>>> print(open('my_file_38.cif').read())   # mmCIF, C-alpha atoms (C1' of nucleotides)
data_entry
#
loop_
_atom_site.group_PDB
_atom_site.id
_atom_site.type_symbol
_atom_site.label_atom_id
_atom_site.label_comp_id
_atom_site.auth_asym_id
_atom_site.auth_seq_id
_atom_site.Cartn_x
_atom_site.Cartn_y
_atom_site.Cartn_z
ATOM 1 C CA MET A 1 4.769 -6.046 4.707
ATOM 2 C CA PRO A 2 4.634 -6.081 0.924
ATOM 3 C CA GLU A 3 6.565 -3.309 -0.727
ATOM 4 C CA LEU A 4 9.084 -3.783 -3.518
ATOM 5 C CA PRO A 5 11.730 -5.650 -1.480
ATOM 6 C CA ASP A 6 9.079 -7.877 0.113
ATOM 7 C CA VAL A 7 7.506 -8.767 -3.205
ATOM 8 C CA GLU A 8 10.990 -9.484 -4.512
ATOM 9 C CA LYS A 9 11.319 -11.954 -1.670
ATOM 10 C CA PHE A 10 7.949 -13.527 -2.528
ATOM 11 C CA LYS A 11 9.092 -13.846 -6.115
ATOM 12 C CA LYS A 12 12.140 -15.851 -5.097
ATOM 13 C CA TYR A 13 10.006 -17.897 -2.730
ATOM 14 C CA PHE A 14 7.505 -18.637 -5.464
ATOM 15 C CA GLU A 15 10.277 -19.671 -7.841
ATOM 16 C CA LYS A 16 11.812 -21.941 -5.271
ATOM 17 C CA THR A 17 8.575 -23.636 -4.236
ATOM 18 C CA SER A 18 5.814 -23.484 -6.802
ATOM 19 C CA LEU A 19 7.073 -23.647 -10.395
ATOM 20 C CA ASN A 20 6.475 -26.647 -12.650
ATOM 21 C CA LYS A 21 4.081 -28.445 -10.353
ATOM 22 C CA LYS A 22 0.742 -29.543 -11.661
ATOM 23 C CA ILE A 23 -2.183 -27.738 -10.072
ATOM 24 C CA VAL A 24 -4.905 -30.202 -9.100
ATOM 25 C CA GLU A 25 -7.220 -27.961 -7.100
ATOM 26 C CA VAL A 26 -7.790 -24.303 -6.275
ATOM 27 C CA GLU A 27 -9.687 -23.152 -3.202
ATOM 28 C CA CYS A 28 -10.808 -19.694 -2.269
ATOM 29 C CA LYS A 29 -12.422 -18.464 0.897
ATOM 30 C CA ALA A 30 -12.788 -14.838 -0.136
ATOM 31 C CA LYS A 31 -14.053 -14.923 -3.686
ATOM 32 C CA ARG A 32 -14.459 -11.189 -4.068
ATOM 33 C CA LEU A 33 -10.684 -10.829 -3.910
ATOM 34 C CA ILE A 34 -10.522 -12.528 -7.303
ATOM 35 C CA LYS A 35 -11.010 -9.746 -9.826
ATOM 36 C CA LYS A 36 -12.172 -9.594 -13.454
ATOM 37 C CA ILE A 37 -13.194 -13.238 -13.496
ATOM 38 C CA THR A 38 -15.464 -15.442 -11.447
ATOM 39 C CA PHE A 39 -13.796 -17.858 -9.106
ATOM 40 C CA LYS A 40 -15.460 -20.699 -10.962
ATOM 41 C CA ASP A 41 -13.718 -19.737 -14.207
ATOM 42 C CA PHE A 42 -10.506 -18.911 -12.385
ATOM 43 C CA ARG A 43 -10.396 -22.396 -10.912
ATOM 44 C CA LYS A 44 -11.322 -24.094 -14.167
ATOM 45 C CA LYS A 45 -8.610 -22.261 -16.077
ATOM 46 C CA LEU A 46 -5.877 -23.213 -13.632
ATOM 47 C CA ILE A 47 -6.612 -26.823 -12.808
ATOM 48 C CA GLY A 48 -4.315 -29.113 -14.776
ATOM 49 C CA LYS A 49 -1.871 -26.298 -15.539
ATOM 50 C CA THR A 50 1.498 -25.422 -14.067
ATOM 51 C CA PHE A 51 3.198 -22.170 -13.174
ATOM 52 C CA GLN A 52 6.063 -21.602 -15.566
ATOM 53 C CA SER A 53 7.903 -18.511 -14.384
ATOM 54 C CA CYS A 54 7.319 -15.362 -12.407
ATOM 55 C CA TRP A 55 8.507 -11.813 -12.048
ATOM 56 C CA ARG A 56 7.810 -8.676 -10.067
ATOM 57 C CA ARG A 57 6.455 -5.352 -11.280
ATOM 58 C CA GLY A 58 6.005 -2.690 -8.621
ATOM 59 C CA LYS A 59 4.193 -4.413 -5.784
ATOM 60 C CA PHE A 60 2.667 -7.020 -8.092
ATOM 61 C CA LEU A 61 3.825 -10.591 -8.520
ATOM 62 C CA ILE A 62 3.117 -11.863 -12.020
ATOM 63 C CA VAL A 63 3.120 -15.570 -12.831
ATOM 64 C CA LYS A 64 3.132 -17.051 -16.294
ATOM 65 C CA VAL A 65 0.871 -20.056 -16.660
ATOM 66 C CA LYS A 66 2.325 -22.749 -18.901
ATOM 67 C CA GLU A 67 0.387 -23.682 -22.036
ATOM 68 C CA SER A 68 -1.875 -20.718 -21.555
ATOM 69 C CA SER A 69 -1.759 -17.107 -22.620
ATOM 70 C CA GLU A 70 -2.940 -16.069 -19.191
ATOM 71 C CA LYS A 71 -1.018 -14.740 -16.277
ATOM 72 C CA LEU A 72 -1.780 -14.967 -12.624
ATOM 73 C CA VAL A 73 -1.330 -11.547 -11.069
ATOM 74 C CA ILE A 74 -1.111 -11.181 -7.312
ATOM 75 C CA HIS A 75 -1.267 -8.014 -5.287
ATOM 76 C CA PHE A 76 -0.653 -8.464 -1.574
ATOM 77 C CA GLY A 77 -2.382 -5.403 -0.207
ATOM 78 C CA MET A 78 -1.175 -4.362 3.226
ATOM 79 C CA THR A 79 -1.126 -7.729 4.910
ATOM 80 C CA GLY A 80 -0.452 -10.372 2.271
ATOM 81 C CA SER A 81 2.166 -13.080 1.988
ATOM 82 C CA LEU A 82 2.814 -16.519 0.549
ATOM 83 C CA LYS A 83 3.256 -19.777 2.366
ATOM 84 C CA TYR A 84 4.145 -23.099 0.842
ATOM 85 C CA VAL A 85 3.101 -26.048 2.955
ATOM 86 C CA LYS A 86 4.374 -29.588 2.520
ATOM 87 C CA SER A 87 1.744 -32.297 2.275
ATOM 88 C CA GLU A 88 2.581 -33.810 5.652
ATOM 89 C CA ALA A 89 2.138 -30.441 7.390
ATOM 90 C CA ILE A 90 -1.137 -29.363 5.825
ATOM 91 C CA LYS A 91 -3.366 -30.761 8.537
ATOM 92 C CA SER A 92 -1.356 -29.486 11.460
ATOM 93 C CA GLU A 93 -0.563 -26.055 10.036
ATOM 94 C CA LYS A 94 -3.819 -24.257 9.650
ATOM 95 C CA ASP A 95 -3.892 -20.684 8.427
ATOM 96 C CA LYS A 96 -6.994 -18.785 9.319
ATOM 97 C CA PHE A 97 -6.155 -16.141 6.736
ATOM 98 C CA ALA A 98 -5.358 -18.348 3.788
ATOM 99 C CA ARG A 99 -7.725 -16.706 1.303
ATOM 100 C CA LEU A 100 -6.558 -18.612 -1.773
ATOM 101 C CA ILE A 101 -4.929 -22.023 -1.966
ATOM 102 C CA PHE A 102 -3.302 -23.811 -4.888
ATOM 103 C CA LYS A 103 -3.004 -27.553 -4.378
ATOM 104 C CA PHE A 104 -0.341 -29.383 -6.337
ATOM 105 C CA GLU A 105 -0.136 -32.923 -7.611
ATOM 106 C CA ASN A 106 2.557 -33.819 -5.091
ATOM 107 C CA GLY A 107 0.172 -33.059 -2.230
ATOM 108 C CA ASP A 108 1.812 -29.781 -1.219
ATOM 109 C CA GLU A 109 0.009 -26.467 -1.408
ATOM 110 C CA LEU A 110 0.698 -22.780 -1.834
ATOM 111 C CA ARG A 111 -1.320 -20.445 0.339
ATOM 112 C CA TRP A 112 -1.953 -16.792 -0.314
ATOM 113 C CA LEU A 113 -2.435 -15.271 3.106
ATOM 114 C CA ASN A 114 -4.234 -11.981 3.345
ATOM 115 C CA ILE A 115 -5.384 -10.838 6.755
ATOM 116 C CA ARG A 116 -7.099 -7.568 5.915
ATOM 117 C CA LYS A 117 -8.462 -8.569 2.524
ATOM 118 C CA LEU A 118 -6.977 -5.559 0.803
ATOM 119 C CA GLY A 119 -5.131 -7.753 -1.665
ATOM 120 C CA LYS A 120 -6.308 -8.746 -5.131
ATOM 121 C CA VAL A 121 -5.751 -11.613 -7.523
ATOM 122 C CA TYR A 122 -6.282 -11.557 -11.277
ATOM 123 C CA LEU A 123 -5.997 -13.933 -14.196
ATOM 124 C CA VAL A 124 -5.475 -11.941 -17.379
ATOM 125 C CA LYS A 125 -4.152 -12.292 -20.907
ATOM 126 C CA ASP A 126 -2.913 -8.762 -21.109
ATOM 127 C CA LEU A 127 -1.412 -7.008 -18.097
ATOM 128 C CA LYS A 128 -2.869 -3.752 -19.373
ATOM 129 C CA GLU A 129 -6.286 -4.993 -18.292
ATOM 130 C CA ILE A 130 -5.201 -4.059 -14.794
ATOM 131 C CA LYS A 131 -5.449 -0.303 -14.479
ATOM 132 C CA LEU A 132 -2.701 0.159 -11.950
ATOM 133 C CA LEU A 133 -0.284 -2.025 -13.895
ATOM 134 C CA LYS A 134 -1.092 -0.152 -17.055
ATOM 135 C CA GLU A 135 -0.422 3.195 -15.440
ATOM 136 C CA MET A 136 2.509 2.076 -13.355
ATOM 137 C CA GLY A 137 5.626 4.237 -13.241
ATOM 138 C CA GLU A 138 9.215 3.146 -13.821
ATOM 139 C CA GLU A 139 10.983 0.593 -11.692
ATOM 140 C CA PRO A 140 13.161 2.448 -9.177
ATOM 141 C CA LEU A 141 16.031 0.034 -9.687
ATOM 142 C CA LYS A 142 15.971 0.533 -13.449
ATOM 143 C CA ILE A 143 15.330 4.224 -13.873
ATOM 144 C CA SER A 144 18.360 6.368 -14.699
ATOM 145 C CA LYS A 145 19.307 9.395 -12.653
ATOM 146 C CA LYS A 146 18.444 11.613 -15.571
ATOM 147 C CA GLU A 147 14.956 10.126 -15.930
ATOM 148 C CA PHE A 148 14.377 10.363 -12.202
ATOM 149 C CA LEU A 149 15.306 14.043 -12.160
ATOM 150 C CA GLU A 150 12.970 14.646 -15.084
ATOM 151 C CA LEU A 151 10.120 12.966 -13.245
ATOM 152 C CA LEU A 152 10.707 15.192 -10.241
ATOM 153 C CA SER A 153 10.832 18.303 -12.377
ATOM 154 C CA LYS A 154 7.369 17.517 -13.733
ATOM 155 C CA LYS A 155 5.892 17.406 -10.246
ATOM 156 C CA GLU A 156 7.450 20.408 -8.556
ATOM 157 C CA ASN A 157 4.296 21.170 -6.598
ATOM 158 C CA ARG A 158 3.973 17.793 -5.017
ATOM 159 C CA ASN A 159 4.893 16.713 -1.554
ATOM 160 C CA ILE A 160 7.922 14.436 -1.795
ATOM 161 C CA LYS A 161 6.556 11.618 0.324
ATOM 162 C CA SER A 162 3.308 11.445 -1.592
ATOM 163 C CA PHE A 163 5.338 11.419 -4.812
ATOM 164 C CA LEU A 164 7.390 8.443 -3.654
ATOM 165 C CA LEU A 165 4.226 6.621 -2.609
ATOM 166 C CA ASP A 166 2.472 7.159 -5.927
ATOM 167 C CA GLN A 167 2.757 3.960 -7.974
ATOM 168 C CA ARG A 168 2.138 5.876 -11.181
ATOM 169 C CA GLU A 169 5.250 7.933 -10.605
ATOM 170 C CA ILE A 170 7.620 5.293 -9.388
ATOM 171 C CA ALA A 171 6.755 1.653 -8.785
ATOM 172 C CA GLY A 172 6.936 -0.395 -5.627
ATOM 173 C CA ILE A 173 7.700 2.091 -2.859
ATOM 174 C CA GLY A 174 5.282 2.120 0.092
ATOM 175 C CA ASN A 175 5.031 3.832 3.439
ATOM 176 C CA ILE A 176 7.882 2.061 5.240
ATOM 177 C CA TYR A 177 10.449 2.412 2.475
ATOM 178 C CA SER A 178 9.491 5.967 1.593
ATOM 179 C CA ASP A 179 10.327 6.834 5.205
ATOM 180 C CA GLU A 180 13.624 4.974 4.933
ATOM 181 C CA ILE A 181 14.562 6.655 1.669
ATOM 182 C CA LEU A 182 13.818 10.131 2.993
ATOM 183 C CA PHE A 183 15.734 9.410 6.175
ATOM 184 C CA ARG A 184 18.729 8.128 4.214
ATOM 185 C CA ALA A 185 18.650 11.226 2.020
ATOM 186 C CA LYS A 186 18.146 13.507 5.061
ATOM 187 C CA ILE A 187 15.053 15.057 3.546
ATOM 188 C CA ASN A 188 12.065 16.070 5.664
ATOM 189 C CA PRO A 189 8.861 14.313 4.512
ATOM 190 C CA HIS A 190 6.979 17.630 4.572
ATOM 191 C CA ARG A 191 9.100 19.066 1.776
ATOM 192 C CA LYS A 192 7.623 19.933 -1.560
ATOM 193 C CA ILE A 193 9.615 18.883 -4.578
ATOM 194 C CA LYS A 194 10.153 22.465 -5.697
ATOM 195 C CA THR A 195 12.098 23.181 -2.496
ATOM 196 C CA LEU A 196 14.647 20.432 -3.222
ATOM 197 C CA ASN A 197 17.920 21.573 -4.755
ATOM 198 C CA LEU A 198 19.840 19.494 -7.291
ATOM 199 C CA LYS A 199 22.124 18.000 -4.672
ATOM 200 C CA GLU A 200 19.164 16.823 -2.621
ATOM 201 C CA ARG A 201 17.457 15.356 -5.659
ATOM 202 C CA GLU A 202 20.585 13.405 -6.510
ATOM 203 C CA LYS A 203 20.881 12.266 -2.919
ATOM 204 C CA LEU A 204 17.303 11.090 -3.020
ATOM 205 C CA TYR A 205 17.966 9.021 -6.132
ATOM 206 C CA LYS A 206 21.028 7.444 -4.569
ATOM 207 C CA ALA A 207 19.191 6.771 -1.282
ATOM 208 C CA MET A 208 16.288 5.133 -3.104
ATOM 209 C CA ILE A 209 18.540 2.660 -4.869
ATOM 210 C CA GLU A 210 20.668 1.946 -1.819
ATOM 211 C CA VAL A 211 17.726 1.388 0.503
ATOM 212 C CA LEU A 212 15.874 -0.930 -1.855
ATOM 213 C CA LYS A 213 18.964 -2.924 -2.843
ATOM 214 C CA GLN A 214 20.060 -3.411 0.741
ATOM 215 C CA ALA A 215 16.598 -4.477 1.864
ATOM 216 C CA ILE A 216 16.453 -7.013 -0.969
ATOM 217 C CA GLN A 217 19.887 -8.271 -0.063
ATOM 218 C CA ILE A 218 18.951 -9.007 3.538
ATOM 219 C CA GLN A 219 15.567 -10.317 2.381
ATOM 220 C CA CYS A 220 13.747 -7.912 4.676
ATOM 221 C CA PHE A 221 14.624 -9.911 7.767
ATOM 222 C CA GLU A 222 13.883 -7.468 10.552
ATOM 223 C CA GLU A 223 16.815 -8.473 12.692
ATOM 224 C CA LYS A 224 19.198 -7.823 9.821
ATOM 225 C CA PHE A 225 18.518 -4.120 9.437
ATOM 226 C CA PRO A 226 21.483 -2.376 11.115
ATOM 227 C CA GLU A 227 20.206 -0.232 13.973
ATOM 228 C CA ASN A 228 22.499 2.637 13.171
ATOM 229 C CA LEU A 229 21.284 3.021 9.603
ATOM 230 C CA TRP A 230 17.603 2.099 9.412
ATOM 231 C CA LEU A 231 14.421 3.436 10.966
ATOM 232 C CA ILE A 232 12.807 0.006 10.845
ATOM 233 C CA PRO A 233 14.337 -1.284 14.126
ATOM 234 C CA HIS A 234 13.191 1.911 15.870
ATOM 235 C CA ARG A 235 9.839 2.805 14.357
ATOM 236 C CA ASN A 236 7.031 2.299 16.826
ATOM 237 C CA LYS A 237 9.644 0.888 19.205
ATOM 238 C CA ASP A 238 12.212 3.007 21.046
ATOM 239 C CA MET A 239 11.734 5.863 18.531
ATOM 240 C CA LYS A 240 15.411 6.785 18.739
ATOM 241 C CA CYS A 241 17.161 8.217 15.700
ATOM 242 C CA PRO A 242 19.617 5.722 14.165
ATOM 243 C CA ARG A 243 22.168 8.501 13.654
ATOM 244 C CA ASN A 244 21.983 10.002 17.131
ATOM 245 C CA LYS A 245 20.436 8.386 20.196
ATOM 246 C CA ASN A 246 19.583 11.790 21.622
ATOM 247 C CA HIS A 247 17.278 12.577 18.718
ATOM 248 C CA ARG A 248 13.742 11.408 19.080
ATOM 249 C CA LEU A 249 11.847 10.230 16.008
ATOM 250 C CA LYS A 250 8.567 11.902 15.245
ATOM 251 C CA ARG A 251 5.379 10.259 14.060
ATOM 252 C CA GLU A 252 3.064 12.399 11.999
ATOM 253 C CA ILE A 253 0.374 11.868 9.391
ATOM 254 C CA ILE A 254 1.725 13.024 6.028
ATOM 255 C CA ALA A 255 0.143 12.104 2.705
ATOM 256 C CA SER A 256 -2.531 10.304 4.754
ATOM 257 C CA ARG A 257 0.053 7.892 6.110
ATOM 258 C CA ALA A 258 1.918 7.559 9.377
ATOM 259 C CA ALA A 259 5.277 9.085 8.540
ATOM 260 C CA ILE A 260 8.196 8.485 10.871
ATOM 261 C CA TYR A 261 11.222 10.734 10.635
ATOM 262 C CA CYS A 262 13.930 12.538 12.573
ATOM 263 C CA PRO A 263 13.166 16.283 12.664
ATOM 264 C CA LYS A 264 16.791 17.012 13.585
ATOM 265 C CA CYS A 265 18.448 15.020 10.784
ATOM 266 C CA GLN A 266 15.887 15.561 8.046
ATOM 267 C CA LYS A 267 15.732 19.152 6.944
ATOM 268 C "C1'" DG B 1 -13.051 -0.939 23.467
ATOM 269 C "C1'" DG B 2 -10.158 2.258 21.062
ATOM 270 C "C1'" DT B 3 -6.577 2.760 17.863
ATOM 271 C "C1'" DA B 4 -3.439 1.781 14.311
ATOM 272 C "C1'" DA B 5 -1.924 -1.006 10.427
ATOM 273 C "C1'" DT B 6 3.548 -2.028 5.180
ATOM 274 C "C1'" DG B 7 -2.220 -0.256 -0.099
ATOM 275 C "C1'" DT B 8 -5.288 1.721 -3.489
ATOM 276 C "C1'" DT B 9 -8.753 4.691 -5.152
ATOM 277 C "C1'" DA B 10 -12.877 7.659 -5.736
ATOM 278 C "C1'" DG B 11 -14.077 11.952 -4.954
ATOM 279 C "C1'" DA B 12 -13.050 16.399 -2.783
ATOM 280 C "C1'" DC B 13 -10.389 20.275 -2.977
ATOM 281 C "C1'" DT B 14 -7.467 24.007 -4.989
ATOM 282 C "C1'" DT C 1 -9.343 21.065 -16.592
ATOM 283 C "C1'" DA C 2 -5.575 19.455 -14.163
ATOM 284 C "C1'" DG C 3 -2.927 18.533 -10.291
ATOM 285 C "C1'" DT C 4 -2.969 17.235 -5.562
ATOM 286 C "C1'" DC C 5 -4.779 15.600 -1.285
ATOM 287 C "C1'" DT C 6 -7.994 13.065 1.828
ATOM 288 C "C1'" DA C 7 -11.182 9.840 3.424
ATOM 289 C "C1'" DA C 8 -12.904 5.432 2.881
ATOM 290 C "C1'" DC C 9 -12.363 0.812 2.198
ATOM 291 C "C1'" DA C 10 -12.024 -4.374 5.330
ATOM 292 C "C1'" DT C 11 -10.274 -6.706 8.974
ATOM 293 C "C1'" DT C 12 -7.318 -7.870 12.669
ATOM 294 C "C1'" DA C 13 -3.872 -7.174 16.521
ATOM 295 C "C1'" DC C 14 -2.481 -4.889 20.447
#
>>> encode(input="my_file_38.cif", output="structure tokens")
Amino acid sequence: MPELPDVEKFKKYFEKTSLNKKIVEVECKAKRLIKKITFKDFRKKLIGKTFQSCWRRGKFLIVKVKESSEKLVIHFGMTGSLKYVKSEAIKSEKDKFARLIFKFENGDELRWLNIRKLGKVYLVKDLKEIKLLKEMGEEPLKISKKEFLELLSKKENRNIKSFLLDQREIAGIGNIYSDEILFRAKINPHRKIKTLNLKEREKLYKAMIEVLKQAIQIQCFEEKFPENLWLIPHRNKDMKCPRNKNHRLKREIIASRAAIYCPKCQK
DNA sequence: GGTAATGTTAGACT
DNA sequence: TAGTCTAACATTAC
């Protein structure tokens, strides 16, 4: 689930549920997912503190810890999410995949769920300690058209889908949304950047912003993606093109990922 | 039981 | 050397 729009949703969820509550206990059932620090130290440094504010960078959620110079940094991997559970529901609502749990003074708790254990959690003073954050590219919703075109022109030899997926080029786009962006821009995921003309590059920029903004706006609720605009309601389902029911979507491995696209609409 | 999965990365390849 | 691509990682769901 967690690409830019999903992490944006987690950010709002975190703000709504978990700020300014005293942490009284931290539990972890998959200690190797805590990076750069032992769980023992991690726990010790957080107990008694509160989360002050949070923001998103790429696919990372970053949380400022009050009265500390350290930040909690969460990466969700492929199968991560957050779940806040009220004290009265903790016993009845078990989560087999709750890998990290913050317990608050009011009895509630925040669970970091992570089925496949591809996620990571850090506690760092300086975000640059995390290699991927240090090398991370621009935010797609902040980059100007001019900057975006310049980025493309430096990578003419690259495949366009693998470019969009590369966090060092542009932050936060993953497999699902790269497919959506290319579909919206009517660009075939096999294309190399050097084959894209200026019009297509501009279309790509516009599609990227539109797709991400709209997904954020509907908070990634699956049922809210209009069927005649998005691949999401069709991918691995009826496989019909949103633009034309007679077109069949194709699934193909591109850039080592399962790409879904319409060969008739995306040239 | 086989296959696929929304991410990242080390190492292979060109 | 530099740019790009691929396979591997860990675990579960269907």
>>> residues_around(input="my_file_38.cif", residues="DC9 (chain C)", least_positions_apart="3", cutoff="10 Å", atoms="only C-alpha atoms (C1' of nucleotides)", output="PyMOL selection string")
(chain A and resi 118) or (chain B and resi 8-9)
>>> resolve_selection(input="my_file_38.cif", expression="the PyMOL selection byres ((chain A) within 6 of (chain B))", output="list in words")
Met1, Pro2, Gly77, Met78 and Ile176 of chain A
>>> resolve_selection(input="my_file_38.cif", expression="the PyMOL selection byres ((chain C) within 10 of (chain A))", output="ChimeraX atom specification")
/C:3-7,9-12
>>> atom_distance(input="my_file_38.cif", atom1="CA of Arg201 (chain A)", atom2="CA of Leu149 (chain A)")
7.0 Å
>>> residues_around(input="my_file_38.cif", residues="Lys203 (chain A)", least_positions_apart="6", cutoff="10 Å", atoms="only C-alpha atoms (C1' of nucleotides)", output="MDAnalysis selection string")
chainID A and resid 181:182 184:187 197
>>> resolve_selection(input="my_file_38.cif", expression="the PyMOL selection byres ((chain A and resi 45) around 12)", output="list of chain:residue names")
A:Ile23, A:Val24, A:Glu25, A:Val26, A:Ile37, A:Thr38, A:Phe39, A:Lys40, A:Asp41, A:Phe42, A:Arg43, A:Lys44, A:Leu46, A:Ile47, A:Gly48, A:Lys49, A:Thr50, A:Val65, A:Lys66, A:Glu67, A:Ser68, A:Ser69, A:Glu70, A:Lys71, A:Leu72, A:Tyr122, A:Leu123, A:Val124, A:Lys125
>>> atom_distance(input="my_file_38.cif", atom1="CA of Ile173 (chain A)", atom2="CA of Leu4 (chain A)")
6.1 Å
>>> atom_distance(input="my_file_38.cif", atom1="CA of Asn244 (chain A)", atom2="CA of Arg257 (chain A)")
24.6 Å
>>> axis_aligned_box(input="my_file_38.cif", around="region 59-73 of chain A", padding_each_side="3 Å", output="lines of an AutoDock Vina configuration file")
center_x = 0.6
center_y = -14.0
center_z = -14.2
size_x = 13.1
size_y = 25.3
size_z = 22.8
>>> residues_around(input="my_file_38.cif", residues="region 127-143 of chain A", least_positions_apart="6", cutoff="6 Å", atoms="all atoms listed in the file", output="list in words")
Gln167, Arg168, Glu169, Ile170 and Ala171 of chain A
>>> write_last_selection(input="my_file_38.cif", atoms="C-alpha atoms", output="PDB file, in the coordinates of the input")
ATOM      1  CA  GLN A 167       2.757   3.960  -7.974  1.00  0.00           C
ATOM      2  CA  ARG A 168       2.138   5.876 -11.181  1.00  0.00           C
ATOM      3  CA  GLU A 169       5.250   7.933 -10.605  1.00  0.00           C
ATOM      4  CA  ILE A 170       7.620   5.293  -9.388  1.00  0.00           C
ATOM      5  CA  ALA A 171       6.755   1.653  -8.785  1.00  0.00           C
TER       6      ALA A 171
END
>>> residues_around(input="my_file_38.cif", residues="region 96-100 of chain A", least_positions_apart="2", cutoff="8 Å", atoms="only C-alpha atoms (C1' of nucleotides)", output="list in words")
Val26, Glu27, Cys28, Lys29, Ala30, Lys94, Phe102, Arg111, Trp112, Leu113, Asn114 and Ile115 of chain A
>>> build_atoms(input="my_file_38.cif", residues="region 48-61 of chain A", atoms="N, CA and C atoms", output="compact mmCIF listing (two decimals), in the frame of the given file")
# COMPACT_ATOMS: atom_id res chain seq x y z
N GLY A 48 -5.00 -28.37 -13.72
CA GLY A 48 -4.32 -29.11 -14.78
C GLY A 48 -3.12 -28.37 -15.35
N LYS A 49 -2.99 -27.10 -15.02
CA LYS A 49 -1.87 -26.30 -15.54
C LYS A 49 -0.71 -26.26 -14.54
N THR A 50 0.37 -25.64 -14.98
CA THR A 50 1.50 -25.42 -14.07
C THR A 50 1.94 -23.96 -14.16
N PHE A 51 2.61 -23.50 -13.14
CA PHE A 51 3.20 -22.17 -13.17
C PHE A 51 4.58 -22.29 -13.79
N GLN A 52 4.83 -21.45 -14.79
CA GLN A 52 6.06 -21.60 -15.57
C GLN A 52 7.20 -20.71 -15.08
N SER A 53 6.88 -19.46 -14.81
CA SER A 53 7.90 -18.51 -14.38
C SER A 53 7.19 -17.35 -13.70
N CYS A 54 7.97 -16.51 -13.02
CA CYS A 54 7.32 -15.36 -12.41
C CYS A 54 8.28 -14.19 -12.32
N TRP A 55 7.70 -13.02 -12.21
CA TRP A 55 8.51 -11.81 -12.05
C TRP A 55 7.72 -10.79 -11.24
N ARG A 56 8.43 -9.73 -10.85
CA ARG A 56 7.81 -8.68 -10.07
C ARG A 56 7.69 -7.39 -10.88
N ARG A 57 6.59 -6.69 -10.69
CA ARG A 57 6.46 -5.35 -11.28
C ARG A 57 5.81 -4.49 -10.21
N GLY A 58 6.53 -3.48 -9.73
CA GLY A 58 6.00 -2.69 -8.62
C GLY A 58 5.74 -3.61 -7.45
N LYS A 59 4.53 -3.53 -6.90
CA LYS A 59 4.19 -4.41 -5.78
C LYS A 59 3.42 -5.64 -6.25
N PHE A 60 3.37 -5.85 -7.56
CA PHE A 60 2.67 -7.02 -8.09
C PHE A 60 3.62 -8.17 -8.34
N LEU A 61 3.13 -9.38 -8.10
CA LEU A 61 3.82 -10.59 -8.52
C LEU A 61 3.06 -11.16 -9.71
